[in-house]
Amino acid sequence: MSPAGCSHVNAYKVDNWRPNLRVIYQCFVWSGSAETRRRKVLQNDAGWTALAKSCICHMCGAHLNRLHSCLYCVFFGCFTKKHIHDHAKNKRHNLAIDLLYGGIYCFVCQDYIYDKDMEQIAKEEQRKAWKLQGVGEKYSTWEPTKRELDLLRHNPKRRKITTNCTIGLRGLINLGNTCFMNCIVQALTHTPLLRDFFLSDRHKCEMQSNSCLVCEMSQLFQEFYSGHRSPHIPFRLLHLVWTHARHLAGYEQQDAHEFLIAALDVLHRHCKGDTTRDDNGKKANNPNHCNCIIDQIFTGGLQSDVTCQVCHGVSTTIDPFWDISLDLPGSSTPFWPLSPGGDCGLVNGESHLSGATTLTDCLRRFTRPEHLGSSAKIKCGGCHSYQESTKQLTMKKLPIVACFHLKRFEHSAKLRRKITTYVSFPLELDMTPFMASSKESRMNGQYQQTVDVLNNDNKYSLFAVVNHQGTLESGHYTSFIRQHKDQWFKCDDAIITKASIKDVLDSEGYLLFYHKQFLEYE
């Protein structure tokens with residue numbers, strides 16, 4: 001299975017394509033010498049104009065606006081103003097290279113593409129450029145100088161990262177309908193405890209082959225927090241996912257939720273060897289009984305209570321979960337009307353004034369008792385016969401990161417559609433009303449709605465939102481991620497832009513990621 005996907009590359013790869021591509025990377029992309037660097041920048045002095053003429057848009061004369069170079073002829077054009085698009089259409093020159101980042105764009109596929117041979121040339125020329133500039137390629141450990149040691153002694157307190165720091169913000173090149181992967185990667189790389197695990201080199205790989213997804217994720221975190229601003233090309237991550245989750249292989253658009261679960265499953269399997277017991281030899285305290293980093297952060301316990309309608313005997317099971325899938329109004333599944341005047345009506349500060357459904361509504365719907373009916377009788381251990389029963393789901397153990405999946409895509413024998421119902425979700429979420437312990441307290445008449453401000457065990461903060469624009473057949477995934485407290489950014493593949501809290505809360509919402517507050521830090 002090859003990661004290459006664009007069929008139009010082969011038409012370009014004839015005759016002397018390799019040396020021609022190398023010249024473009026040498027002179028206009030990586031710019032390894034002072035001479036070639038001068039070619040990249042159009043100076044104000046008229047004396048430099050002739051030298052830099054080849055690195056400006058041949059249509060408007062600008063040297064900004066995401067300049068691209070045609071791979072078939074000597075032509076430079078703006079991507080933003082679509083001058084390079086016009087050239088490609090008129091000349092039928094389908095491939096161009098981004099002079100800032102070095103990515104190859106196909107105008108037929110309308111996307112940046114990956115080709116193994118081209119990528120190899122790009123890396124070789126980049127290494128040469130680094131060598132000419134005196135930049136080392138390999139990572140070397142930091143050793144403080146005498147001056148730095150003196151500074152550390154006189155400033156023992158850890159410096160806080162400033163609010164305008166952008167380390168960790170990095171775009172991802174779309175490799176052909178891979179926006180579903182990019183938005184999940186953005187959410188995972190901004191998960192605080194996961195970030196700390198990978199940046200501290202905690203993973204000890206035991207796999208013999210070079211196909212460990214955890215090792216690749218570790219490398220990905222290093223790339224994100226290296227300080228580099230150019231978009232990363234996650235071709236190896238995509239290839240490994242295809243290898244270990246073959247149902248996701250191919251360049252068709254996939255479901256972001258399905259990718260999340262597949263990625264967590266592969267990561268769990270590949271890092272399971274790290275440890276399945278804690279330091280004292282006891283089994284891990286989560287429903288999967290695994291102490292790998294994935295289960296420590298994402299695994300919760302879902303309690304299912306089945307109550308016999310005759311003897312009222314209760315059968316309880318607890319199952320692990322990585323996410324909670326919530327039904328929405330407008331689906332074929334009956335959505336019980338929820339009265340804003342009932343109990344828990346103002347939980348999590350959500351308002352029904354606009355008539356919008358809230359995340360709390362969906363959670364109350366998820367945890368309400370459900371009558372299974374006469375067609376789904378279950379054998380009762382007390383009655384020793386099949387009886388009608390009710391089933392209720394509650395949270396036995398909450399994960400550190402709670403992921404809520406709003407079921408916007410409906411697939412059935414008769415129906416395939418997207419549910420666009422707006423669901424209001426809060427910045428801060430209290431899961432106390434949906435706990436199994438709260439249900440038991442209510443049954444015993446001891447439950448009180450008052451919130452204990454000192455108990456933050458069940459309180460969460462929103463840190464990532466994945467959205468889907470478009471229809472079931474044709475759509476695009478983007479994400480909002482929180483960089484610092486109250487500082488949000490929109491990630492649209494390679495493009496990262498600042499966003500307001502209003503932008504986040506007004507978005508449609510497909511996957512919502514919440515982090516336990518008491519484990520957070522600024």
# chains A, B, ... in the order shown; residues from 1 in each chain; ligands from 1

call {"tool": "residues_around", "arguments": {"residues": "A:Asp493", "least_positions_apart": "6", "cutoff": "7 Å", "atoms": "only C-alpha atoms", "output": "PDB file with all heavy atoms, in the first residue's frame"}}
result
ATOM      1  N   GLY A 171      -0.286  24.334  11.736  1.00  0.00           N
ATOM      2  CA  GLY A 171      -1.236  23.808  10.774  1.00  0.00           C
ATOM      3  C   GLY A 171      -0.814  22.435  10.265  1.00  0.00           C
ATOM      4  O   GLY A 171       0.323  22.007  10.437  1.00  0.00           O
ATOM      5  N   LEU A 172      -1.762  21.749   9.637  1.00  0.00           N
ATOM      6  CA  LEU A 172      -1.507  20.430   9.070  1.00  0.00           C
ATOM      7  C   LEU A 172      -1.942  20.415   7.604  1.00  0.00           C
ATOM      8  O   LEU A 172      -3.072  20.805   7.291  1.00  0.00           O
ATOM      9  CB  LEU A 172      -2.259  19.343   9.841  1.00  0.00           C
ATOM     10  CG  LEU A 172      -1.760  19.065  11.261  1.00  0.00           C
ATOM     11  CD1 LEU A 172      -2.796  18.275  12.037  1.00  0.00           C
ATOM     12  CD2 LEU A 172      -0.441  18.317  11.223  1.00  0.00           C
ATOM     13  N   ILE A 173      -1.063  19.993   6.732  1.00  0.00           N
ATOM     14  CA  ILE A 173      -1.381  19.924   5.311  1.00  0.00           C
ATOM     15  C   ILE A 173      -2.436  18.841   5.076  1.00  0.00           C
ATOM     16  O   ILE A 173      -2.347  17.733   5.620  1.00  0.00           O
ATOM     17  CB  ILE A 173      -0.123  19.616   4.480  1.00  0.00           C
ATOM     18  CG1 ILE A 173       0.871  20.790   4.560  1.00  0.00           C
ATOM     19  CG2 ILE A 173      -0.475  19.336   3.019  1.00  0.00           C
ATOM     20  CD1 ILE A 173       0.397  22.064   3.897  1.00  0.00           C
ATOM     21  N   ASN A 174      -3.445  19.171   4.280  1.00  0.00           N
ATOM     22  CA  ASN A 174      -4.464  18.188   3.891  1.00  0.00           C
ATOM     23  C   ASN A 174      -3.880  17.315   2.781  1.00  0.00           C
ATOM     24  O   ASN A 174      -3.491  17.806   1.729  1.00  0.00           O
ATOM     25  CB  ASN A 174      -5.722  18.917   3.411  1.00  0.00           C
ATOM     26  CG  ASN A 174      -6.903  17.988   3.229  1.00  0.00           C
ATOM     27  OD1 ASN A 174      -6.768  16.903   2.668  1.00  0.00           O
ATOM     28  ND2 ASN A 174      -8.074  18.421   3.684  1.00  0.00           N
ATOM     29  N   CYS A 179      -9.020  16.079   6.251  1.00  0.00           N
ATOM     30  CA  CYS A 179      -9.373  17.065   7.276  1.00  0.00           C
ATOM     31  C   CYS A 179      -9.941  16.374   8.516  1.00  0.00           C
ATOM     32  O   CYS A 179      -9.806  16.880   9.635  1.00  0.00           O
ATOM     33  CB  CYS A 179     -10.363  18.084   6.729  1.00  0.00           C
ATOM     34  SG  CYS A 179     -11.856  17.372   6.000  1.00  0.00           S
ATOM     35  N   ASN A 182      -6.893  15.648  10.549  1.00  0.00           N
ATOM     36  CA  ASN A 182      -6.217  16.850  11.029  1.00  0.00           C
ATOM     37  C   ASN A 182      -6.899  17.445  12.254  1.00  0.00           C
ATOM     38  O   ASN A 182      -6.239  17.891  13.198  1.00  0.00           O
ATOM     39  CB  ASN A 182      -6.142  17.891   9.907  1.00  0.00           C
ATOM     40  CG  ASN A 182      -5.179  17.486   8.806  1.00  0.00           C
ATOM     41  OD1 ASN A 182      -4.409  16.538   8.964  1.00  0.00           O
ATOM     42  ND2 ASN A 182      -5.226  18.179   7.679  1.00  0.00           N
TER      43      ASN A 182
END

call {"tool": "select_by_dssp", "arguments": {"residues": "stretch 216-273 of chain A", "states": "helix (DSSP H, G or I)", "output": "PyMOL selection string"}}
result
chain A and resi 216-224+235-244+246-248+256-270

call {"tool": "write_last_selection", "arguments": {"atoms": "C-alpha atoms", "output": "PDB file, in the first residue's frame"}}
result
ATOM      1  CA  GLU A 216       4.773   8.563  15.610  1.00  0.00           C
ATOM      2  CA  MET A 217       2.501  10.529  17.964  1.00  0.00           C
ATOM      3  CA  SER A 218       5.530  11.273  20.131  1.00  0.00           C
ATOM      4  CA  GLN A 219       7.334  12.630  17.061  1.00  0.00           C
ATOM      5  CA  LEU A 220       4.213  14.607  16.141  1.00  0.00           C
ATOM      6  CA  PHE A 221       4.156  16.313  19.561  1.00  0.00           C
ATOM      7  CA  GLN A 222       7.831  17.200  19.130  1.00  0.00           C
ATOM      8  CA  GLU A 223       6.990  18.762  15.755  1.00  0.00           C
ATOM      9  CA  PHE A 224       4.061  20.748  17.170  1.00  0.00           C
ATOM     10  CA  PHE A 235       1.942  11.574   5.799  1.00  0.00           C
ATOM     11  CA  ARG A 236       3.570   8.983   8.072  1.00  0.00           C
ATOM     12  CA  LEU A 237       0.764   9.244  10.631  1.00  0.00           C
ATOM     13  CA  LEU A 238      -1.777   8.709   7.855  1.00  0.00           C
ATOM     14  CA  HIS A 239       0.154   5.720   6.521  1.00  0.00           C
ATOM     15  CA  LEU A 240       0.331   4.090   9.976  1.00  0.00           C
ATOM     16  CA  VAL A 241      -3.384   4.634  10.574  1.00  0.00           C
ATOM     17  CA  TRP A 242      -4.113   3.024   7.218  1.00  0.00           C
ATOM     18  CA  THR A 243      -1.868   0.108   8.177  1.00  0.00           C
ATOM     19  CA  HIS A 244      -3.453  -0.540  11.584  1.00  0.00           C
ATOM     20  CA  ARG A 246      -7.644  -0.644   7.303  1.00  0.00           C
ATOM     21  CA  HIS A 247     -11.303   0.398   7.279  1.00  0.00           C
ATOM     22  CA  LEU A 248     -10.019   4.004   7.197  1.00  0.00           C
ATOM     23  CA  ALA A 256     -13.813  12.267  12.442  1.00  0.00           C
ATOM     24  CA  HIS A 257     -15.499  10.405  15.313  1.00  0.00           C
ATOM     25  CA  GLU A 258     -14.683   7.037  13.768  1.00  0.00           C
ATOM     26  CA  PHE A 259     -11.077   8.145  13.296  1.00  0.00           C
ATOM     27  CA  LEU A 260     -10.848   9.279  16.945  1.00  0.00           C
ATOM     28  CA  ILE A 261     -12.004   5.901  18.265  1.00  0.00           C
ATOM     29  CA  ALA A 262      -9.740   3.989  15.837  1.00  0.00           C
ATOM     30  CA  ALA A 263      -6.738   6.156  16.775  1.00  0.00           C
ATOM     31  CA  LEU A 264      -7.335   5.716  20.523  1.00  0.00           C
ATOM     32  CA  ASP A 265      -7.718   1.964  20.019  1.00  0.00           C
ATOM     33  CA  VAL A 266      -4.439   1.633  18.095  1.00  0.00           C
ATOM     34  CA  LEU A 267      -2.609   3.909  20.557  1.00  0.00           C
ATOM     35  CA  HIS A 268      -4.000   1.850  23.450  1.00  0.00           C
ATOM     36  CA  ARG A 269      -2.793  -1.405  21.841  1.00  0.00           C
ATOM     37  CA  HIS A 270       0.643  -0.040  20.968  1.00  0.00           C
TER      38      HIS A 270
END

call {"tool": "residues_around", "arguments": {"residues": "A:Gln483", "least_positions_apart": "2", "cutoff": "9 Å", "atoms": "only C-alpha atoms", "output": "count of residues only"}}
result
14

call {"tool": "residues_around", "arguments": {"residues": "A:Ala376", "least_positions_apart": "5", "cutoff": "12 Å", "atoms": "only C-alpha atoms", "output": "list in words"}}
result
Val306, Glu370, His371, Tyr386, Gln387, Glu388, Ser389, Thr390 and Lys391 of chain A

call {"tool": "atom_distance", "arguments": {"atom1": "atom CA of A:Ser315", "atom2": "atom CA of A:Lys459"}}
result
28.7 Å

call {"tool": "residues_around", "arguments": {"residues": "A:Met395", "least_positions_apart": "3", "cutoff": "6 Å", "atoms": "only C-alpha atoms", "output": "ChimeraX atom specification"}}
result
/A:302-303,435-436

call {"tool": "write_last_selection", "arguments": {"atoms": "N, CA, C and O atoms", "output": "PDB file, in the first residue's frame"}}
result
ATOM      1  N   LEU A 302     -19.171   3.388  32.468  1.00  0.00           N
ATOM      2  CA  LEU A 302     -20.599   3.632  32.262  1.00  0.00           C
ATOM      3  C   LEU A 302     -21.391   2.532  32.977  1.00  0.00           C
ATOM      4  O   LEU A 302     -21.225   1.351  32.678  1.00  0.00           O
ATOM      5  N   GLN A 303     -22.224   2.943  33.914  1.00  0.00           N
ATOM      6  CA  GLN A 303     -23.017   1.984  34.691  1.00  0.00           C
ATOM      7  C   GLN A 303     -24.388   1.800  34.053  1.00  0.00           C
ATOM      8  O   GLN A 303     -25.071   2.770  33.740  1.00  0.00           O
ATOM      9  N   MET A 435     -24.042  11.341  37.589  1.00  0.00           N
ATOM     10  CA  MET A 435     -23.254  10.289  38.226  1.00  0.00           C
ATOM     11  C   MET A 435     -24.155   9.233  38.853  1.00  0.00           C
ATOM     12  O   MET A 435     -25.267   9.516  39.297  1.00  0.00           O
ATOM     13  N   ALA A 436     -23.658   7.999  38.914  1.00  0.00           N
ATOM     14  CA  ALA A 436     -24.392   6.916  39.570  1.00  0.00           C
ATOM     15  C   ALA A 436     -24.587   7.220  41.048  1.00  0.00           C
ATOM     16  O   ALA A 436     -25.637   6.908  41.629  1.00  0.00           O
TER      17      ALA A 436
END

call {"tool": "select_by_dssp", "arguments": {"residues": "stretch 98-302 of chain A", "states": "strand (DSSP E)", "output": "JSON, numbers by chain"}}
result
{"A": [98, 104, 105, 106, 111, 112, 113, 300, 301, 302]}

call {"tool": "write_last_selection", "arguments": {"atoms": "all heavy atoms", "output": "PDB file, in the first residue's frame"}}
result
ATOM      1  N   ASP A  98       4.307  25.540  -3.449  1.00  0.00           N
ATOM      2  CA  ASP A  98       4.194  26.658  -2.509  1.00  0.00           C
ATOM      3  C   ASP A  98       5.613  27.102  -2.132  1.00  0.00           C
ATOM      4  O   ASP A  98       6.371  26.331  -1.537  1.00  0.00           O
ATOM      5  CB  ASP A  98       3.425  26.192  -1.269  1.00  0.00           C
ATOM      6  CG  ASP A  98       3.134  27.335  -0.304  1.00  0.00           C
ATOM      7  OD1 ASP A  98       3.859  28.348  -0.316  1.00  0.00           O
ATOM      8  OD2 ASP A  98       2.186  27.200   0.467  1.00  0.00           O
ATOM      9  N   ILE A 104       3.302  20.644  -2.590  1.00  0.00           N
ATOM     10  CA  ILE A 104       2.914  20.538  -3.998  1.00  0.00           C
ATOM     11  C   ILE A 104       1.387  20.594  -4.087  1.00  0.00           C
ATOM     12  O   ILE A 104       0.699  19.812  -3.432  1.00  0.00           O
ATOM     13  CB  ILE A 104       3.429  19.226  -4.627  1.00  0.00           C
ATOM     14  CG1 ILE A 104       4.945  19.078  -4.401  1.00  0.00           C
ATOM     15  CG2 ILE A 104       3.096  19.183  -6.114  1.00  0.00           C
ATOM     16  CD1 ILE A 104       5.774  20.103  -5.105  1.00  0.00           C
ATOM     17  N   TYR A 105       0.873  21.490  -4.937  1.00  0.00           N
ATOM     18  CA  TYR A 105      -0.583  21.650  -5.090  1.00  0.00           C
ATOM     19  C   TYR A 105      -1.018  21.149  -6.466  1.00  0.00           C
ATOM     20  O   TYR A 105      -0.391  21.470  -7.480  1.00  0.00           O
ATOM     21  CB  TYR A 105      -0.980  23.118  -4.936  1.00  0.00           C
ATOM     22  CG  TYR A 105      -2.476  23.346  -4.860  1.00  0.00           C
ATOM     23  CD1 TYR A 105      -3.143  23.278  -3.644  1.00  0.00           C
ATOM     24  CD2 TYR A 105      -3.220  23.614  -6.000  1.00  0.00           C
ATOM     25  CE1 TYR A 105      -4.515  23.477  -3.558  1.00  0.00           C
ATOM     26  CE2 TYR A 105      -4.591  23.817  -5.933  1.00  0.00           C
ATOM     27  CZ  TYR A 105      -5.234  23.755  -4.713  1.00  0.00           C
ATOM     28  OH  TYR A 105      -6.587  23.947  -4.628  1.00  0.00           O
ATOM     29  N   CYS A 106      -2.088  20.347  -6.479  1.00  0.00           N
ATOM     30  CA  CYS A 106      -2.663  19.867  -7.737  1.00  0.00           C
ATOM     31  C   CYS A 106      -3.963  20.619  -7.991  1.00  0.00           C
ATOM     32  O   CYS A 106      -4.873  20.582  -7.158  1.00  0.00           O
ATOM     33  CB  CYS A 106      -2.917  18.359  -7.676  1.00  0.00           C
ATOM     34  SG  CYS A 106      -3.763  17.729  -9.151  1.00  0.00           S
ATOM     35  N   ASP A 111      -6.145  20.299  -4.128  1.00  0.00           N
ATOM     36  CA  ASP A 111      -5.630  20.015  -2.807  1.00  0.00           C
ATOM     37  C   ASP A 111      -4.118  19.846  -2.888  1.00  0.00           C
ATOM     38  O   ASP A 111      -3.563  19.581  -3.951  1.00  0.00           O
ATOM     39  CB  ASP A 111      -6.259  18.723  -2.259  1.00  0.00           C
ATOM     40  CG  ASP A 111      -6.309  18.727  -0.740  1.00  0.00           C
ATOM     41  OD1 ASP A 111      -5.615  19.553  -0.109  1.00  0.00           O
ATOM     42  OD2 ASP A 111      -7.044  17.904  -0.186  1.00  0.00           O
ATOM     43  N   TYR A 112      -3.454  20.038  -1.737  1.00  0.00           N
ATOM     44  CA  TYR A 112      -2.038  19.722  -1.655  1.00  0.00           C
ATOM     45  C   TYR A 112      -1.887  18.204  -1.647  1.00  0.00           C
ATOM     46  O   TYR A 112      -2.652  17.497  -0.989  1.00  0.00           O
ATOM     47  CB  TYR A 112      -1.420  20.337  -0.402  1.00  0.00           C
ATOM     48  CG  TYR A 112      -1.279  21.843  -0.508  1.00  0.00           C
ATOM     49  CD1 TYR A 112      -2.262  22.679  -0.006  1.00  0.00           C
ATOM     50  CD2 TYR A 112      -0.174  22.417  -1.122  1.00  0.00           C
ATOM     51  CE1 TYR A 112      -2.154  24.054  -0.104  1.00  0.00           C
ATOM     52  CE2 TYR A 112      -0.045  23.794  -1.231  1.00  0.00           C
ATOM     53  CZ  TYR A 112      -1.045  24.611  -0.725  1.00  0.00           C
ATOM     54  OH  TYR A 112      -0.934  25.956  -0.844  1.00  0.00           O
ATOM     55  N   ILE A 113      -0.875  17.709  -2.361  1.00  0.00           N
ATOM     56  CA  ILE A 113      -0.748  16.266  -2.535  1.00  0.00           C
ATOM     57  C   ILE A 113       0.614  15.806  -2.016  1.00  0.00           C
ATOM     58  O   ILE A 113       1.527  16.615  -1.772  1.00  0.00           O
ATOM     59  CB  ILE A 113      -0.942  15.857  -4.016  1.00  0.00           C
ATOM     60  CG1 ILE A 113       0.031  16.647  -4.939  1.00  0.00           C
ATOM     61  CG2 ILE A 113      -2.366  16.099  -4.443  1.00  0.00           C
ATOM     62  CD1 ILE A 113       1.273  15.921  -5.310  1.00  0.00           C
ATOM     63  N   GLY A 300     -13.526   6.051  30.893  1.00  0.00           N
ATOM     64  CA  GLY A 300     -14.473   6.206  31.995  1.00  0.00           C
ATOM     65  C   GLY A 300     -15.274   4.936  32.158  1.00  0.00           C
ATOM     66  O   GLY A 300     -15.137   3.984  31.381  1.00  0.00           O
ATOM     67  N   GLY A 301     -16.122   4.903  33.168  1.00  0.00           N
ATOM     68  CA  GLY A 301     -16.969   3.736  33.414  1.00  0.00           C
ATOM     69  C   GLY A 301     -18.435   4.098  33.319  1.00  0.00           C
ATOM     70  O   GLY A 301     -18.899   5.025  33.984  1.00  0.00           O
ATOM     71  N   LEU A 302     -19.171   3.388  32.468  1.00  0.00           N
ATOM     72  CA  LEU A 302     -20.599   3.632  32.262  1.00  0.00           C
ATOM     73  C   LEU A 302     -21.391   2.532  32.977  1.00  0.00           C
ATOM     74  O   LEU A 302     -21.225   1.351  32.678  1.00  0.00           O
ATOM     75  CB  LEU A 302     -20.914   3.626  30.765  1.00  0.00           C
ATOM     76  CG  LEU A 302     -22.311   4.083  30.341  1.00  0.00           C
ATOM     77  CD1 LEU A 302     -22.529   5.542  30.698  1.00  0.00           C
ATOM     78  CD2 LEU A 302     -22.489   3.871  28.839  1.00  0.00           C
TER      79      LEU A 302
END

call {"tool": "closest_residue", "arguments": {"among": "A:Tyr72, A:Leu100, A:His63, A:Phe180", "to": "A:Val14", "atoms": "only C-alpha atoms"}}
result
A:Tyr72

call {"tool": "residues_around", "arguments": {"residues": "stretch 354-366 of chain A", "least_positions_apart": "5", "cutoff": "6 Å", "atoms": "only C-alpha atoms", "output": "ChimeraX atom specification"}}
result
/A:423-425

call {"tool": "write_last_selection", "arguments": {"atoms": "N, CA and C atoms", "output": "PDB file, in the first residue's frame"}}
result
ATOM      1  N   VAL A 423     -27.053  22.784  19.044  1.00  0.00           N
ATOM      2  CA  VAL A 423     -26.977  22.348  20.435  1.00  0.00           C
ATOM      3  C   VAL A 423     -26.054  23.309  21.180  1.00  0.00           C
ATOM      4  N   SER A 424     -26.592  23.952  22.209  1.00  0.00           N
ATOM      5  CA  SER A 424     -25.802  24.878  23.018  1.00  0.00           C
ATOM      6  C   SER A 424     -24.947  24.087  24.005  1.00  0.00           C
ATOM      7  N   PHE A 425     -23.654  24.393  24.063  1.00  0.00           N
ATOM      8  CA  PHE A 425     -22.765  23.704  25.002  1.00  0.00           C
ATOM      9  C   PHE A 425     -21.977  24.745  25.796  1.00  0.00           C
TER      10      PHE A 425
END

call {"tool": "atom_distance", "arguments": {"atom1": "atom CA of A:Leu152", "atom2": "atom CA of A:Leu194"}}
result
27.6 Å

call {"tool": "residues_around", "arguments": {"residues": "A:Gly176", "least_positions_apart": "6", "cutoff": "10 Å", "atoms": "only C-alpha atoms", "output": "ChimeraX atom specification"}}
result
/A:5-6,109-114,250-253

call {"tool": "atom_distance", "arguments": {"atom1": "atom CA of A:Gly77", "atom2": "atom CA of A:Pro19"}}
result
21.5 Å

call {"tool": "closest_residue", "arguments": {"among": "A:Arg92, A:Ser304, A:Leu99, A:His203", "to": "A:Phe79", "atoms": "only C-alpha atoms"}}
result
A:Leu99

call {"tool": "closest_residue", "arguments": {"among": "A:Gln392, A:Thr497, A:Gln254, A:Ser226", "to": "A:Asp305", "atoms": "only C-alpha atoms"}}
result
A:Gln392

call {"tool": "decode", "arguments": {"residues": "stretch 72-79 of chain A", "atoms": "all heavy atoms", "output": "mmCIF file, in the first residue's frame"}}
result
data_model
loop_
_atom_site.group_PDB
_atom_site.id
_atom_site.type_symbol
_atom_site.label_atom_id
_atom_site.label_comp_id
_atom_site.auth_asym_id
_atom_site.auth_seq_id
_atom_site.Cartn_x
_atom_site.Cartn_y
_atom_site.Cartn_z
ATOM 1 N N TYR A 72 5.827 23.233 -14.441
ATOM 2 C CA TYR A 72 5.996 22.907 -15.859
ATOM 3 C C TYR A 72 6.760 23.997 -16.620
ATOM 4 O O TYR A 72 7.384 23.717 -17.639
ATOM 5 C CB TYR A 72 4.647 22.685 -16.534
ATOM 6 C CG TYR A 72 3.922 21.443 -16.063
ATOM 7 C CD1 TYR A 72 3.075 21.490 -14.967
ATOM 8 C CD2 TYR A 72 4.088 20.227 -16.717
ATOM 9 C CE1 TYR A 72 2.405 20.358 -14.526
ATOM 10 C CE2 TYR A 72 3.438 19.087 -16.291
ATOM 11 C CZ TYR A 72 2.598 19.155 -15.202
ATOM 12 O OH TYR A 72 1.942 18.031 -14.770
ATOM 13 N N CYS A 73 6.666 25.244 -16.131
ATOM 14 C CA CYS A 73 7.329 26.341 -16.831
ATOM 15 C C CYS A 73 7.750 27.396 -15.818
ATOM 16 O O CYS A 73 7.424 27.310 -14.635
ATOM 17 C CB CYS A 73 6.401 26.957 -17.886
ATOM 18 S SG CYS A 73 4.962 27.810 -17.187
ATOM 19 N N VAL A 74 8.485 28.413 -16.285
ATOM 20 C CA VAL A 74 8.940 29.481 -15.397
ATOM 21 C C VAL A 74 7.805 30.481 -15.236
ATOM 22 O O VAL A 74 7.648 31.414 -16.033
ATOM 23 C CB VAL A 74 10.206 30.170 -15.962
ATOM 24 C CG1 VAL A 74 10.681 31.254 -15.012
ATOM 25 C CG2 VAL A 74 11.299 29.143 -16.210
ATOM 26 N N PHE A 75 6.990 30.275 -14.230
ATOM 27 C CA PHE A 75 5.875 31.187 -13.938
ATOM 28 C C PHE A 75 5.611 31.180 -12.436
ATOM 29 O O PHE A 75 5.526 30.122 -11.818
ATOM 30 C CB PHE A 75 4.607 30.767 -14.683
ATOM 31 C CG PHE A 75 3.451 31.714 -14.455
ATOM 32 C CD1 PHE A 75 3.251 32.797 -15.305
ATOM 33 C CD2 PHE A 75 2.582 31.542 -13.377
ATOM 34 C CE1 PHE A 75 2.205 33.685 -15.090
ATOM 35 C CE2 PHE A 75 1.543 32.427 -13.162
ATOM 36 C CZ PHE A 75 1.353 33.495 -14.021
ATOM 37 N N PHE A 76 5.493 32.401 -11.888
ATOM 38 C CA PHE A 76 5.173 32.554 -10.468
ATOM 39 C C PHE A 76 3.867 33.331 -10.352
ATOM 40 O O PHE A 76 3.678 34.331 -11.055
ATOM 41 C CB PHE A 76 6.284 33.305 -9.730
ATOM 42 C CG PHE A 76 7.598 32.580 -9.758
ATOM 43 C CD1 PHE A 76 8.463 32.733 -10.826
ATOM 44 C CD2 PHE A 76 7.954 31.737 -8.727
ATOM 45 C CE1 PHE A 76 9.672 32.054 -10.863
ATOM 46 C CE2 PHE A 76 9.155 31.072 -8.755
ATOM 47 C CZ PHE A 76 10.028 31.219 -9.823
ATOM 48 N N GLY A 77 2.970 32.859 -9.500
ATOM 49 C CA GLY A 77 1.677 33.520 -9.355
ATOM 50 C C GLY A 77 1.137 33.466 -7.935
ATOM 51 O O GLY A 77 1.462 32.574 -7.152
ATOM 52 N N CYS A 78 0.290 34.451 -7.623
ATOM 53 C CA CYS A 78 -0.336 34.512 -6.303
ATOM 54 C C CYS A 78 -1.385 33.408 -6.161
ATOM 55 O O CYS A 78 -2.199 33.203 -7.057
ATOM 56 C CB CYS A 78 -1.034 35.857 -6.094
ATOM 57 S SG CYS A 78 0.059 37.273 -6.201
ATOM 58 N N PHE A 79 -1.355 32.734 -5.024
ATOM 59 C CA PHE A 79 -2.388 31.738 -4.734
ATOM 60 C C PHE A 79 -3.641 32.427 -4.204
ATOM 61 O O PHE A 79 -4.755 32.071 -4.557
ATOM 62 C CB PHE A 79 -1.868 30.730 -3.706
ATOM 63 C CG PHE A 79 -2.716 29.498 -3.569
ATOM 64 C CD1 PHE A 79 -2.465 28.381 -4.348
ATOM 65 C CD2 PHE A 79 -3.772 29.450 -2.669
ATOM 66 C CE1 PHE A 79 -3.238 27.234 -4.233
ATOM 67 C CE2 PHE A 79 -4.552 28.320 -2.545
ATOM 68 C CZ PHE A 79 -4.290 27.211 -3.328
#
